[in-house]
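Engineer: One file is attached below, work-v3.cif, containing mmCIF, C-alpha atoms.
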data_coords
#
loop_
_atom_site.label_atom_id
_atom_site.label_comp_id
_atom_site.auth_asym_id
_atom_site.auth_seq_id
_atom_site.Cartn_x
_atom_site.Cartn_y
_atom_site.Cartn_z
CA MET Z 26 0.00 0.00 0.00
CA THR Z 27 2.88 2.34 0.71
CA SER Z 28 4.33 1.81 -2.76
CA ILE Z 29 0.99 2.52 -4.39
CA SER Z 30 0.29 5.67 -2.41
CA THR Z 31 3.72 7.24 -2.94
CA ALA Z 32 5.59 5.78 -5.88
CA THR Z 33 2.74 5.19 -8.31
CA ALA Z 34 0.04 7.53 -7.05
CA PRO Z 35 -0.76 10.57 -9.19
CA ALA Z 36 0.20 14.02 -8.02
CA PRO Z 37 -2.51 15.39 -5.70
CA THR Z 38 -5.07 17.64 -7.33
CA ALA Z 39 -3.65 20.69 -5.55
CA ALA Z 40 -0.20 19.89 -6.98
CA ARG Z 41 -1.32 19.41 -10.59
CA ILE Z 42 -0.35 22.11 -13.02
CA GLU Z 43 -3.87 22.79 -14.20
CA LEU Z 44 -2.68 25.25 -16.80
CA LEU Z 45 -0.86 22.49 -18.68
CA ASP Z 46 -4.07 20.46 -18.71
CA ALA Z 47 -5.96 23.42 -20.18
CA LEU Z 48 -3.28 23.98 -22.83
CA ARG Z 49 -3.37 20.28 -23.68
CA GLY Z 50 -7.14 20.50 -24.11
CA ILE Z 51 -6.80 23.48 -26.45
CA ALA Z 52 -4.08 21.68 -28.41
CA LEU Z 53 -6.36 18.66 -28.70
CA LEU Z 54 -9.08 20.81 -30.27
CA GLY Z 55 -6.60 22.37 -32.69
CA ILE Z 56 -5.25 18.98 -33.74
CA LEU Z 57 -8.79 17.71 -34.32
CA LEU Z 58 -9.60 20.75 -36.48
CA ALA Z 59 -6.45 20.14 -38.53
CA ASN Z 60 -7.04 16.39 -38.79
CA MET Z 61 -10.60 16.87 -40.04
CA LEU Z 62 -9.23 17.52 -43.51
CA VAL Z 63 -7.92 13.95 -43.50
CA PHE Z 64 -10.75 12.31 -41.55
CA SER Z 65 -13.30 13.78 -43.97
CA GLY Z 66 -11.34 12.79 -47.08
CA TRP Z 67 -11.00 16.44 -48.13
CA VAL Z 68 -7.24 16.20 -48.74
CA PHE Z 69 -7.78 13.26 -51.11
CA LEU Z 70 -10.13 15.21 -53.40
CA ALA Z 71 -8.94 16.77 -56.65
CA PRO Z 72 -9.18 20.59 -56.86
CA GLU Z 73 -12.21 20.43 -59.13
CA GLN Z 74 -13.94 18.01 -56.72
CA LYS Z 75 -13.35 20.41 -53.83
CA VAL Z 76 -14.88 23.29 -55.76
CA ALA Z 77 -17.86 21.16 -56.78
CA LEU Z 78 -18.44 20.18 -53.14
CA ALA Z 79 -17.87 23.47 -51.32
CA GLY Z 80 -17.85 26.15 -54.02
CA PRO Z 81 -14.82 28.26 -54.99
CA THR Z 82 -15.10 30.79 -52.14
CA GLN Z 83 -15.39 28.32 -49.26
CA THR Z 84 -12.65 26.15 -50.79
CA ALA Z 85 -10.20 29.04 -51.09
CA VAL Z 86 -11.00 30.52 -47.66
CA ALA Z 87 -10.89 27.17 -45.87
CA GLU Z 88 -7.57 26.13 -47.33
CA PHE Z 89 -6.01 29.53 -46.62
CA LEU Z 90 -7.24 29.46 -43.01
CA PHE Z 91 -5.95 25.92 -42.59
CA TYR Z 92 -2.41 26.76 -43.70
CA MET Z 93 -2.47 30.16 -42.02
CA LEU Z 94 -3.79 29.24 -38.57
CA LEU Z 95 -3.94 25.45 -38.13
CA ASP Z 96 -1.37 23.49 -40.09
CA GLY Z 97 1.50 22.61 -37.76
CA LYS Z 98 0.60 25.16 -35.08
CA PHE Z 99 -1.23 22.86 -32.70
CA TYR Z 100 1.05 19.90 -33.16
CA THR Z 101 3.74 22.45 -32.26
CA LEU Z 102 1.85 23.18 -29.05
CA PHE Z 103 1.15 19.49 -28.39
CA SER Z 104 4.80 18.51 -29.00
CA LEU Z 105 5.96 21.34 -26.77
CA LEU Z 106 3.64 20.09 -24.02
CA PHE Z 107 5.01 16.57 -24.42
CA GLY Z 108 8.52 17.92 -23.78
CA ILE Z 109 7.27 19.95 -20.81
CA GLY Z 110 5.48 16.90 -19.43
CA PHE Z 111 8.63 14.82 -19.86
CA ALA Z 112 10.67 17.24 -17.76
CA VAL Z 113 7.98 17.59 -15.08
CA GLN Z 114 7.15 13.89 -14.85
CA LEU Z 115 10.78 12.73 -14.88
CA GLU Z 116 11.70 15.17 -12.12
CA ARG Z 117 8.77 14.01 -10.00
CA LEU Z 118 9.64 10.37 -10.63
CA SER Z 119 13.29 10.96 -9.80
CA ALA Z 120 12.27 12.49 -6.47
CA ARG Z 121 10.16 9.45 -5.57
CA ARG Z 122 11.95 6.49 -7.19
CA PRO Z 123 15.57 5.63 -7.96
CA ASP Z 124 14.50 3.73 -11.10
CA ALA Z 125 12.84 6.74 -12.74
CA ALA Z 126 14.46 6.12 -16.15
CA ARG Z 127 13.24 2.51 -16.21
CA ILE Z 128 9.71 3.57 -15.29
CA TYR Z 129 9.68 6.25 -17.96
CA THR Z 130 10.98 3.73 -20.50
CA ARG Z 131 8.01 1.51 -19.69
CA ARG Z 132 5.77 4.54 -20.11
CA LEU Z 133 7.16 5.18 -23.60
CA LEU Z 134 6.86 1.50 -24.55
CA GLY Z 135 3.22 1.60 -23.51
CA LEU Z 136 2.62 4.69 -25.65
CA LEU Z 137 4.40 2.99 -28.55
CA ALA Z 138 2.14 -0.04 -28.29
CA ILE Z 139 -0.99 2.15 -28.22
CA GLY Z 140 0.31 4.14 -31.18
CA LEU Z 141 1.04 1.05 -33.28
CA VAL Z 142 -2.43 -0.38 -32.69
CA HIS Z 143 -3.95 3.01 -33.53
CA LEU Z 144 -1.81 3.29 -36.67
CA MET Z 145 -2.36 -0.22 -38.00
CA PHE Z 146 -6.02 -0.79 -37.20
CA ILE Z 147 -7.80 2.51 -36.53
CA TRP Z 148 -6.29 5.53 -38.28
CA VAL Z 149 -3.25 5.93 -40.50
CA GLY Z 150 -2.63 9.51 -39.34
CA ASP Z 151 -1.38 8.40 -35.90
CA ILE Z 152 1.18 10.64 -34.14
CA LEU Z 153 1.61 8.60 -30.94
CA THR Z 154 4.12 6.19 -32.49
CA LEU Z 155 6.43 9.02 -33.53
CA TYR Z 156 6.05 10.69 -30.13
CA ALA Z 157 6.97 7.49 -28.30
CA LEU Z 158 10.04 6.83 -30.45
CA THR Z 159 11.21 10.43 -30.17
CA GLY Z 160 10.64 10.29 -26.42
CA PHE Z 161 13.47 7.76 -26.13
CA VAL Z 162 15.84 10.41 -27.48
CA LEU Z 163 14.74 12.72 -24.65
CA LEU Z 164 15.75 10.04 -22.18
CA LEU Z 165 19.22 9.89 -23.72
CA VAL Z 166 19.75 13.66 -23.37
CA ARG Z 167 18.04 14.16 -20.02
CA ASP Z 168 21.37 15.15 -18.39
CA TRP Z 169 22.17 17.82 -20.99
CA SER Z 170 22.29 21.42 -19.84
CA THR Z 171 19.32 23.63 -20.62
CA ARG Z 172 21.48 25.74 -22.91
CA ALA Z 173 22.55 22.69 -24.92
CA LEU Z 174 18.95 21.52 -25.23
CA ALA Z 175 17.81 24.98 -26.36
CA ARG Z 176 20.51 25.36 -28.99
CA THR Z 177 19.90 21.86 -30.32
CA SER Z 178 16.16 22.49 -30.47
CA VAL Z 179 16.64 25.57 -32.67
CA ALA Z 180 19.03 23.66 -34.94
CA LEU Z 181 16.56 20.79 -35.33
CA ILE Z 182 13.59 23.05 -36.02
CA LEU Z 183 15.54 24.91 -38.73
CA LEU Z 184 17.23 21.78 -40.11
CA PRO Z 185 14.62 21.20 -42.89
CA VAL Z 186 15.71 24.44 -44.62
CA PRO Z 187 19.37 23.54 -45.37
CA ALA Z 188 18.39 19.90 -45.86
CA TYR Z 189 15.77 20.79 -48.48
CA ALA Z 190 18.23 23.11 -50.22
CA LEU Z 191 20.90 20.40 -50.27
CA TRP Z 192 18.55 17.76 -51.68
CA TRP Z 193 17.25 20.18 -54.34
CA LEU Z 194 20.62 21.54 -55.45
CA ALA Z 195 22.18 18.09 -55.50
CA GLY Z 196 19.34 16.77 -57.63
CA TRP Z 197 18.62 13.95 -55.19
CA PRO Z 198 15.14 12.39 -55.03
CA ALA Z 199 12.87 13.61 -52.24
CA PRO Z 200 13.68 12.04 -48.83
CA GLY Z 201 10.45 10.05 -48.72
CA SER Z 202 10.54 8.87 -52.33
CA GLY Z 203 12.15 5.52 -51.52
CA ALA Z 204 9.65 4.86 -48.74
CA ALA Z 205 6.80 5.92 -51.05
CA SER Z 206 7.95 3.48 -53.75
CA LEU Z 207 8.09 0.67 -51.22
CA ALA Z 208 4.65 1.67 -49.91
CA GLU Z 209 3.22 1.58 -53.44
CA SER Z 210 4.69 -1.87 -54.05
CA TYR Z 211 3.34 -3.09 -50.75
CA GLN Z 212 -0.09 -1.62 -51.51
CA SER Z 213 -0.19 -3.38 -54.90
CA TRP Z 214 0.67 -6.64 -53.14
CA VAL Z 215 -1.83 -6.55 -50.27
CA SER Z 216 -4.70 -4.38 -51.52
CA PRO Z 217 -7.59 -6.10 -53.32
CA ASP Z 218 -8.02 -2.98 -55.46
CA PRO Z 219 -4.84 -0.84 -55.42
CA GLY Z 220 -6.11 1.44 -58.19
CA LEU Z 221 -9.14 2.58 -56.22
CA ALA Z 222 -9.15 6.30 -55.35
CA TRP Z 223 -8.50 6.89 -51.67
CA VAL Z 224 -11.84 8.62 -51.04
CA GLU Z 225 -13.66 5.73 -52.70
CA ALA Z 226 -11.66 3.26 -50.61
CA MET Z 227 -12.70 5.15 -47.46
CA ARG Z 228 -16.35 4.72 -48.42
CA GLN Z 229 -16.19 0.96 -48.97
CA GLU Z 230 -18.73 -0.85 -46.83
CA GLY Z 231 -17.74 -3.20 -44.06
CA TRP Z 232 -15.00 -3.27 -41.46
CA ALA Z 233 -12.94 -5.82 -43.42
CA SER Z 234 -12.65 -3.50 -46.42
CA TYR Z 235 -11.56 -0.60 -44.23
CA ARG Z 236 -9.03 -2.76 -42.37
CA ASP Z 237 -7.53 -3.86 -45.70
CA TRP Z 238 -7.29 -0.23 -46.80
CA VAL Z 239 -5.58 0.89 -43.59
CA LEU Z 240 -3.09 -1.97 -43.76
CA ALA Z 241 -2.42 -1.20 -47.42
CA ILE Z 242 -1.75 2.53 -47.00
CA GLY Z 243 -0.10 2.39 -43.56
CA PRO Z 244 3.48 2.52 -44.96
CA PHE Z 245 2.63 5.79 -46.73
CA ARG Z 246 2.66 7.38 -43.26
CA LEU Z 247 6.42 6.82 -43.07
CA ALA Z 248 6.87 8.42 -46.49
CA ASN Z 249 4.81 11.42 -45.37
CA ILE Z 250 6.85 11.82 -42.17
CA LEU Z 251 10.11 11.75 -44.14
CA GLU Z 252 8.90 14.10 -46.88
CA SER Z 253 7.69 16.69 -44.37
CA TRP Z 254 10.88 16.48 -42.24
CA ARG Z 255 8.60 15.75 -39.31
CA ILE Z 256 11.20 13.86 -37.23
CA PRO Z 257 13.66 16.76 -36.63
CA LYS Z 258 10.74 19.17 -36.12
CA VAL Z 259 9.13 17.04 -33.42
CA MET Z 260 12.46 16.28 -31.77
CA GLY Z 261 13.34 19.98 -31.71
CA LEU Z 262 10.02 20.82 -30.09
CA PHE Z 263 10.51 18.07 -27.51
CA PHE Z 264 13.90 19.53 -26.61
CA LEU Z 265 12.42 23.02 -26.38
CA GLY Z 266 9.57 21.72 -24.24
CA ALA Z 267 12.07 20.09 -21.88
CA CYS Z 268 13.74 23.49 -21.43
CA VAL Z 269 10.37 25.09 -20.68
CA GLY Z 270 9.54 22.27 -18.27
CA ARG Z 271 12.71 22.89 -16.30
CA ALA Z 272 11.94 26.59 -16.04
CA LEU Z 273 8.39 25.73 -15.00
CA MET Z 274 9.55 23.43 -12.21
CA ALA Z 275 11.99 26.12 -11.04
CA GLY Z 276 9.13 28.62 -10.81
CA ARG Z 277 10.65 31.05 -13.30
CA LEU Z 278 8.05 31.07 -16.03
CA LEU Z 279 4.32 31.38 -15.40
CA GLU Z 280 4.51 34.65 -13.49
CA ASP Z 281 6.95 36.30 -15.89
CA THR Z 282 4.30 38.38 -17.66
CA ARG Z 283 6.83 40.61 -19.35
CA ARG Z 284 8.59 37.68 -21.02
CA LEU Z 285 5.30 36.09 -22.05
CA LYS Z 286 4.16 39.31 -23.72
CA ARG Z 287 7.47 39.53 -25.56
CA VAL Z 288 7.04 35.95 -26.82
CA VAL Z 289 3.54 36.76 -28.08
CA THR Z 290 4.70 39.95 -29.82
CA ILE Z 291 7.68 38.34 -31.54
CA GLY Z 292 5.74 35.18 -32.40
CA LEU Z 293 2.95 37.15 -34.07
CA ALA Z 294 5.31 39.60 -35.80
CA VAL Z 295 7.32 36.77 -37.31
CA GLY Z 296 4.68 34.06 -37.56
CA LEU Z 297 1.77 35.87 -39.19
CA PRO Z 298 3.55 37.17 -42.32
CA ALA Z 299 5.52 33.94 -42.72
CA ASN Z 300 2.35 31.88 -42.46
CA ALA Z 301 0.53 34.17 -44.88
CA LEU Z 302 3.26 33.39 -47.42
CA TYR Z 303 3.10 29.70 -46.53
CA ALA Z 304 -0.67 29.70 -47.04
CA ALA Z 305 -0.38 31.56 -50.33
CA LEU Z 306 2.01 28.85 -51.57
CA GLY Z 307 -0.44 26.12 -50.58
CA GLY Z 308 1.61 24.46 -47.85
CA LEU Z 309 4.44 21.96 -48.21
CA GLY Z 310 2.49 19.23 -49.98
CA PRO Z 311 2.95 20.39 -53.59
CA TYR Z 312 6.73 20.63 -53.12
CA SER Z 313 7.55 17.64 -50.91
CA GLN Z 314 8.05 15.19 -53.77
CA GLN Z 315 9.04 17.57 -56.58
CA LEU Z 316 11.79 19.70 -55.05
CA SER Z 317 12.04 23.25 -56.37
CA GLY Z 318 12.98 26.82 -55.53
CA THR Z 319 9.37 27.58 -54.64
CA GLY Z 320 9.39 24.54 -52.38
CA LEU Z 321 12.46 25.93 -50.62
CA VAL Z 322 10.60 29.21 -50.02
CA ALA Z 323 7.65 27.27 -48.59
CA THR Z 324 10.03 25.29 -46.35
CA VAL Z 325 11.60 28.51 -45.06
CA ALA Z 326 8.17 30.04 -44.44
CA TYR Z 327 7.12 26.94 -42.49
CA ALA Z 328 10.30 26.77 -40.40
CA VAL Z 329 10.32 30.49 -39.63
CA GLY Z 330 6.59 30.92 -39.19
CA VAL Z 331 4.87 27.85 -37.79
CA VAL Z 332 6.83 27.28 -34.57
CA PRO Z 333 6.91 30.98 -33.53
CA LEU Z 334 3.16 31.27 -34.12
CA GLY Z 335 2.48 28.04 -32.21
CA ILE Z 336 4.58 29.29 -29.29
CA ALA Z 337 2.78 32.64 -29.45
CA TYR Z 338 -0.50 30.72 -29.11
CA ALA Z 339 0.87 29.06 -25.97
CA ALA Z 340 2.17 32.28 -24.40
CA GLY Z 341 -1.05 34.12 -25.22
CA LEU Z 342 -3.11 31.39 -23.57
CA VAL Z 343 -0.93 31.60 -20.45
CA LEU Z 344 -1.58 35.35 -20.29
CA LEU Z 345 -5.31 34.74 -20.61
CA TRP Z 346 -5.02 32.17 -17.84
CA GLN Z 347 -3.39 34.75 -15.59
CA ARG Z 348 -6.39 37.00 -16.17
CA GLY Z 349 -8.75 34.22 -15.08
CA ALA Z 350 -10.28 33.27 -18.44
CA ALA Z 351 -13.03 30.87 -17.39
CA TRP Z 352 -13.45 29.45 -20.91
CA LEU Z 353 -9.81 28.35 -20.90
CA ARG Z 354 -10.18 26.54 -17.58
CA ALA Z 355 -13.07 24.61 -19.10
CA PHE Z 356 -10.56 22.75 -21.29
CA ALA Z 357 -8.54 21.42 -18.33
CA PRO Z 358 -10.63 18.27 -17.70
CA ALA Z 359 -10.37 17.30 -21.37
CA GLY Z 360 -6.62 17.90 -21.20
CA ARG Z 361 -6.32 15.45 -18.32
CA MET Z 362 -7.89 12.82 -20.60
CA ALA Z 363 -6.00 13.81 -23.75
CA LEU Z 364 -4.98 10.27 -24.75
CA THR Z 365 -8.52 8.94 -24.35
CA HIS Z 366 -9.96 11.82 -26.36
CA TYR Z 367 -7.31 11.62 -29.09
CA LEU Z 368 -8.15 7.95 -29.67
CA THR Z 369 -11.87 8.71 -29.43
CA HIS Z 370 -11.53 11.31 -32.18
CA SER Z 371 -10.33 8.62 -34.56
CA ILE Z 372 -13.12 6.22 -33.64
CA VAL Z 373 -15.90 8.81 -33.85
CA MET Z 374 -14.72 10.34 -37.12
CA CYS Z 375 -14.23 6.91 -38.68
CA LEU Z 376 -17.84 6.09 -37.79
CA VAL Z 377 -18.96 9.34 -39.43
CA PHE Z 378 -16.88 9.33 -42.59
CA LEU Z 379 -15.96 5.73 -43.41
CA GLY Z 380 -17.94 3.04 -45.15
CA PHE Z 381 -18.56 0.85 -42.10
CA GLY Z 382 -20.24 3.93 -40.56
CA LEU Z 383 -22.12 6.72 -42.30
CA GLY Z 384 -19.74 6.76 -45.30
CA LEU Z 385 -19.62 10.56 -45.65
CA ALA Z 386 -15.98 10.78 -46.81
CA GLY Z 387 -15.59 13.39 -49.54
CA GLN Z 388 -19.16 14.63 -49.09
CA VAL Z 389 -18.88 17.23 -46.28
CA PRO Z 390 -17.51 20.77 -46.92
CA PRO Z 391 -14.88 22.33 -44.62
CA PHE Z 392 -17.01 24.65 -42.50
CA ALA Z 393 -19.42 21.78 -41.79
CA PHE Z 394 -16.75 19.30 -40.71
CA TRP Z 395 -15.07 21.97 -38.58
CA LEU Z 396 -18.42 22.58 -36.90
CA LEU Z 397 -18.63 18.84 -36.25
CA ALA Z 398 -15.15 18.97 -34.67
CA GLY Z 399 -16.19 21.82 -32.37
CA LEU Z 400 -19.34 20.01 -31.27
CA THR Z 401 -17.35 16.83 -30.66
CA MET Z 402 -14.91 18.69 -28.44
CA ALA Z 403 -17.73 20.40 -26.54
CA VAL Z 404 -19.29 17.02 -25.76
CA GLN Z 405 -15.90 15.68 -24.66
CA ILE Z 406 -15.41 18.61 -22.28
CA LEU Z 407 -18.76 17.87 -20.63
CA LEU Z 408 -18.06 14.15 -20.49
CA SER Z 409 -14.60 14.82 -19.00
CA ARG Z 410 -16.10 16.86 -16.17
CA TRP Z 411 -18.61 14.11 -15.46
CA TRP Z 412 -16.01 11.33 -15.65
CA LEU Z 413 -13.35 13.03 -13.51
CA ALA Z 414 -15.89 13.75 -10.80
CA ARG Z 415 -16.11 9.97 -10.37
CA PHE Z 416 -12.77 8.62 -11.59
CA ARG Z 417 -9.15 9.71 -11.20
CA PHE Z 418 -8.03 8.95 -14.77
CA GLY Z 419 -9.45 8.59 -18.24
CA PRO Z 420 -9.80 4.96 -19.39
CA ALA Z 421 -6.78 5.01 -21.71
CA GLU Z 422 -4.71 6.94 -19.17
CA TRP Z 423 -5.53 4.36 -16.48
CA LEU Z 424 -4.48 1.42 -18.67
CA TRP Z 425 -1.33 3.27 -19.68
CA ARG Z 426 -0.50 3.94 -16.02
CA TRP Z 427 -1.17 0.30 -15.09
CA TRP Z 428 1.37 -0.81 -17.72
CA THR Z 429 3.90 1.86 -16.68
CA TYR Z 430 4.07 0.87 -13.02
CA GLY Z 431 3.04 -2.77 -13.27
CA GLN Z 432 0.43 -2.10 -10.58
CA ARG Z 433 -3.26 -1.38 -10.87
CA THR Z 434 -3.86 2.04 -9.34
CA PRO Z 435 -7.38 2.58 -7.93
CA ILE Z 436 -9.39 4.45 -10.52
CA ARG Z 437 -12.47 5.53 -8.59
CA THR Z 438 -12.27 8.88 -6.85
CA ALA Z 439 -13.67 7.37 -3.65
CA SER Z 440 -10.64 5.06 -3.51
CA ALA Z 441 -8.12 7.89 -3.75
CA PRO Z 442 -6.00 8.63 -0.67
CA ALA Z 443 -6.64 11.99 0.98
CA ALA Z 444 -4.43 14.76 -0.34
#
Just give me the structure of the file as structure tokens.

Structural biologist:
Amino acid sequence: MTSISTATAPAPTAARIELLDALRGIALLGILLANMLVFSGWVFLAPEQKVALAGPTQTAVAEFLFYMLLDGKFYTLFSLLFGIGFAVQLERLSARRPDAARIYTRRLLGLLAIGLVHLMFIWVGDILTLYALTGFVLLLVRDWSTRALARTSVALILLPVPAYALWWLAGWPAPGSGAASLAESYQSWVSPDPGLAWVEAMRQEGWASYRDWVLAIGPFRLANILESWRIPKVMGLFFLGACVGRALMAGRLLEDTRRLKRVVTIGLAVGLPANALYAALGGLGPYSQQLSGTGLVATVAYAVGVVPLGIAYAAGLVLLWQRGAAWLRAFAPAGRMALTHYLTHSIVMCLVFLGFGLGLAGQVPPFAFWLLAGLTMAVQILLSRWWLARFRFGPAEWLWRWWTYGQRTPIRTASAPAA
């Protein structure tokens, strides 16, 4: 009982950093809004199909808003929070247990297992697998100085710019081209109908057809990650988040209003014009496989604009928190159940858009599927409040914790030890 109440018990409610939960809830909403373009099949439509579905005005406005305000910004915030959480959780573990690194390794292995199941059987756009694998790198550099972590984070975030230039000038094929070729060969081997358009494949009836499609296109996720230089970006944000987490634990961050305002000002001044250019160029997609000078400009705009704007979002939300924004606090319960809700997003949207559900892929315009995302998140916020009034963890979080510590922590609130 002693080991459960001290070594594996969650931090008391009074000790939780509620702000991080609220930020995680906001990030979860932003990621859902961004992912709706994939869930709905919108990204798989040809330009003329998009215009036929939504009209020219809504199509142009929606795609500009996506690249301007959503694309990359909330995974920036979510990745930053993962790094912050790593620093906070590892420090707390180290204070309570001598085997903190082993426990955190088990935690990452659990996340990796969840991510692989999600990737292979539920939704090909999974991010948990990459997060888990990158988390092991954080363990390796946990003894680095904050300055070394900060400098490395900047280098990793900017790395896609010189790398893209090198690949383009050298005339080398795009980084993900080899993986894409292998994915195409694999798809032709395992798919019953490899020539079927992706939106049509999404609408095929029956779970078996969908499972075959997911298994057939799964390897394309690796090609996408390589083409978009996602690995150094995520790793850089993890390193940066670890630096922020250290400052947070030292009590040098949340009350520094002057620094937070400076971060917001610089982030908006740099991020907004860079993202406007990025949106005008149509994102990275058109240039990820066919390298070009325009693609290099888009890569620079992304590297210079997306992370500063995402960090400005975070700093601005902290300032609103300081002013007692009640609407922001409403996201905290959902943030405490972020893993459960992230997985639920995939299940719910698959039931709406795929053939074994309502089969609406490629048939819902952007503003409608964004409204659906907002309503989904609103329901999850209400459900989170109800659930956490009765239980200490979300379902997925509880299972993940059970695996991490090898002990089943009481889940009901009534079973929790007094703070």

Engineer: Can you turn the PyMOL selection byres ((chain Z and resi 201) around 8) into a concrete residue list for this file, as a CSV table (one decimal) with C-alpha atoms, in the frame of the given file?

Structural biologist:
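The file below, part-v4.csv, is the result:
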chain,number,residue,atom,x,y,z
Z,199,ALA,CA,12.9,13.6,-52.2
Z,200,PRO,CA,13.7,12.0,-48.8
Z,202,SER,CA,10.5,8.9,-52.3
Z,203,GLY,CA,12.2,5.5,-51.5
Z,204,ALA,CA,9.6,4.9,-48.7
Z,205,ALA,CA,6.8,5.9,-51.0
Z,247,LEU,CA,6.4,6.8,-43.1
Z,248,ALA,CA,6.9,8.4,-46.5
Z,249,ASN,CA,4.8,11.4,-45.4
Z,250,ILE,CA,6.8,11.8,-42.2
Z,251,LEU,CA,10.1,11.8,-44.1
Z,252,GLU,CA,8.9,14.1,-46.9
Z,314,GLN,CA,8.0,15.2,-53.8

Engineer: So what do you get for CA of Val63 (chain Z) versus CA of Met260 (chain Z), distance-wise?

Structural biologist: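 Value for the CA of Val63 (chain Z)-CA of Met260 (chain Z) distance: 23.6 Å.
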
Engineer: Which polymer residues have any atom within 10 Å of an atom of region 275-286 of chain Z, counting only C-alpha atoms, with same-chain residues fewer than 3 positions away left out, as a ChimeraX atom specification?

Structural biologist: /Z:44,269-272,289-292,336-337,339-344,346-347

Engineer: CA of Gly220 (chain Z) and CA of Gly307 (chain Z) are how many Å apart?

Structural biologist: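 Computed distance, CA of Gly220 (chain Z) to CA of Gly307 (chain Z), equals 26.4 Å.
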
Engineer: Kindly indicate which residue among Z:Tyr156, Z:Phe378, Z:Phe245, Z:Trp427 lies nearest to Gly261 (chain Z), using only C-alpha atoms for the distances.

Structural biologist: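 Of Z:Tyr156, Z:Phe378, Z:Phe245, Z:Trp427, the one nearest Gly261 (chain Z) is Z:Tyr156, counting only C-alpha atoms.
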
Engineer: Env of Leu141 (chain Z): 9 Å cut, atoms = only C-alpha atoms, seq-sep filter 3 positions within chain, self excluded. Answer as a ChimeraX atom specification.

Structural biologist: /Z:136-138,144-146,151,153-154

Engineer: With 3 Å on each side, where is the centre of the axis-aligned box around all listed atoms of region 73-79 of chain Z, and how long are its edges in Å to one decimal, as JSON?

Structural biologist:
{"center_x": -15.3, "center_y": 20.7, "center_z": -55.2, "size_x": 12.2, "size_y": 11.5, "size_z": 13.8}

Engineer: Which residues, named as in the file, does the PyMOL selection byres ((chain Z and resi 66-79) around 7) pick out? Answer as a list in words.

Structural biologist: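 Residues picked by the PyMOL selection byres ((chain Z and resi 66-79) around 7): Leu62, Val63, Phe64, Ser65, Gly80, Pro81, Gln83, Thr84, Trp223, Val224, Ala386, Gly387, Gln388 and Pro390 of chain Z.
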
Engineer: In the coordinate frame of the file, compute which residues have an atom within 6 Å of (-2.9, 32.0, -39.7) when using all atoms listed in the file, and state them as a PyMOL selection string.

Structural biologist: chain Z and resi 93-94+300

Engineer: Take the residues just selected and output them with C-alpha atoms as a JSON list (two decimals), keeping the file's coordinate frame.

Structural biologist:
[["chain", "number", "residue", "atom", "x", "y", "z"],
["Z", 93, "MET", "CA", -2.47, 30.16, -42.02],
["Z", 94, "LEU", "CA", -3.79, 29.24, -38.57],
["Z", 300, "ASN", "CA", 2.35, 31.88, -42.46]]

Engineer: Rounded to one decimal place, report the CA of Val179 (chain Z)-CA of Leu297 (chain Z) distance in Å.

Structural biologist: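 These two atoms are separated by 19.2 Å.
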
Engineer: Can you list, as number ranges by chain, every protein, DNA or RNA residue that comes within 7 Å of region 108-112 of chain Z when you count only C-alpha atoms, leaving out same-chain residues fewer than 4 positions away?

Structural biologist: Z: 104, 116, 263-267, 269-271

Engineer: Counting only C-alpha atoms, figure out which residue out of Z:Gln114, Z:Asn60, Z:Ser213, Z:Ser313 gets nearest to Pro391 (chain Z).

Structural biologist: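 For Pro391 (chain Z), the nearest of the given residues is Z:Asn60.
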
Engineer: Just say which residues the PyMOL selection byres ((chain Z and resi 348-362) around 10) picks in this file, as a compact mmCIF listing (two decimals) with C-alpha atoms, in the frame of the given file.

Structural biologist:
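Final output, part34.txt:
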# COMPACT_ATOMS: atom_id res chain seq x y z
CA ILE Z 42 -0.35 22.11 -13.02
CA GLU Z 43 -3.87 22.79 -14.20
CA LEU Z 44 -2.68 25.25 -16.80
CA LEU Z 45 -0.86 22.49 -18.68
CA ASP Z 46 -4.07 20.46 -18.71
CA ALA Z 47 -5.96 23.42 -20.18
CA LEU Z 48 -3.28 23.98 -22.83
CA ARG Z 49 -3.37 20.28 -23.68
CA GLY Z 50 -7.14 20.50 -24.11
CA ILE Z 51 -6.80 23.48 -26.45
CA ALA Z 52 -4.08 21.68 -28.41
CA LEU Z 53 -6.36 18.66 -28.70
CA LEU Z 54 -9.08 20.81 -30.27
CA LEU Z 342 -3.11 31.39 -23.57
CA VAL Z 343 -0.93 31.60 -20.45
CA LEU Z 344 -1.58 35.35 -20.29
CA LEU Z 345 -5.31 34.74 -20.61
CA TRP Z 346 -5.02 32.17 -17.84
CA GLN Z 347 -3.39 34.75 -15.59
CA ALA Z 363 -6.00 13.81 -23.75
CA LEU Z 364 -4.98 10.27 -24.75
CA THR Z 365 -8.52 8.94 -24.35
CA HIS Z 366 -9.96 11.82 -26.36
CA TYR Z 367 -7.31 11.62 -29.09
CA MET Z 402 -14.91 18.69 -28.44
CA ALA Z 403 -17.73 20.40 -26.54
CA VAL Z 404 -19.29 17.02 -25.76
CA GLN Z 405 -15.90 15.68 -24.66
CA ILE Z 406 -15.41 18.61 -22.28
CA LEU Z 407 -18.76 17.87 -20.63
CA LEU Z 408 -18.06 14.15 -20.49
CA SER Z 409 -14.60 14.82 -19.00
CA ARG Z 410 -16.10 16.86 -16.17
CA TRP Z 411 -18.61 14.11 -15.46
CA TRP Z 412 -16.01 11.33 -15.65
CA LEU Z 413 -13.35 13.03 -13.51
CA ALA Z 414 -15.89 13.75 -10.80
CA ARG Z 417 -9.15 9.71 -11.20
CA PHE Z 418 -8.03 8.95 -14.77
CA GLY Z 419 -9.45 8.59 -18.24
CA PRO Z 420 -9.80 4.96 -19.39
CA ALA Z 421 -6.78 5.01 -21.71
CA GLU Z 422 -4.71 6.94 -19.17
CA TRP Z 423 -5.53 4.36 -16.48
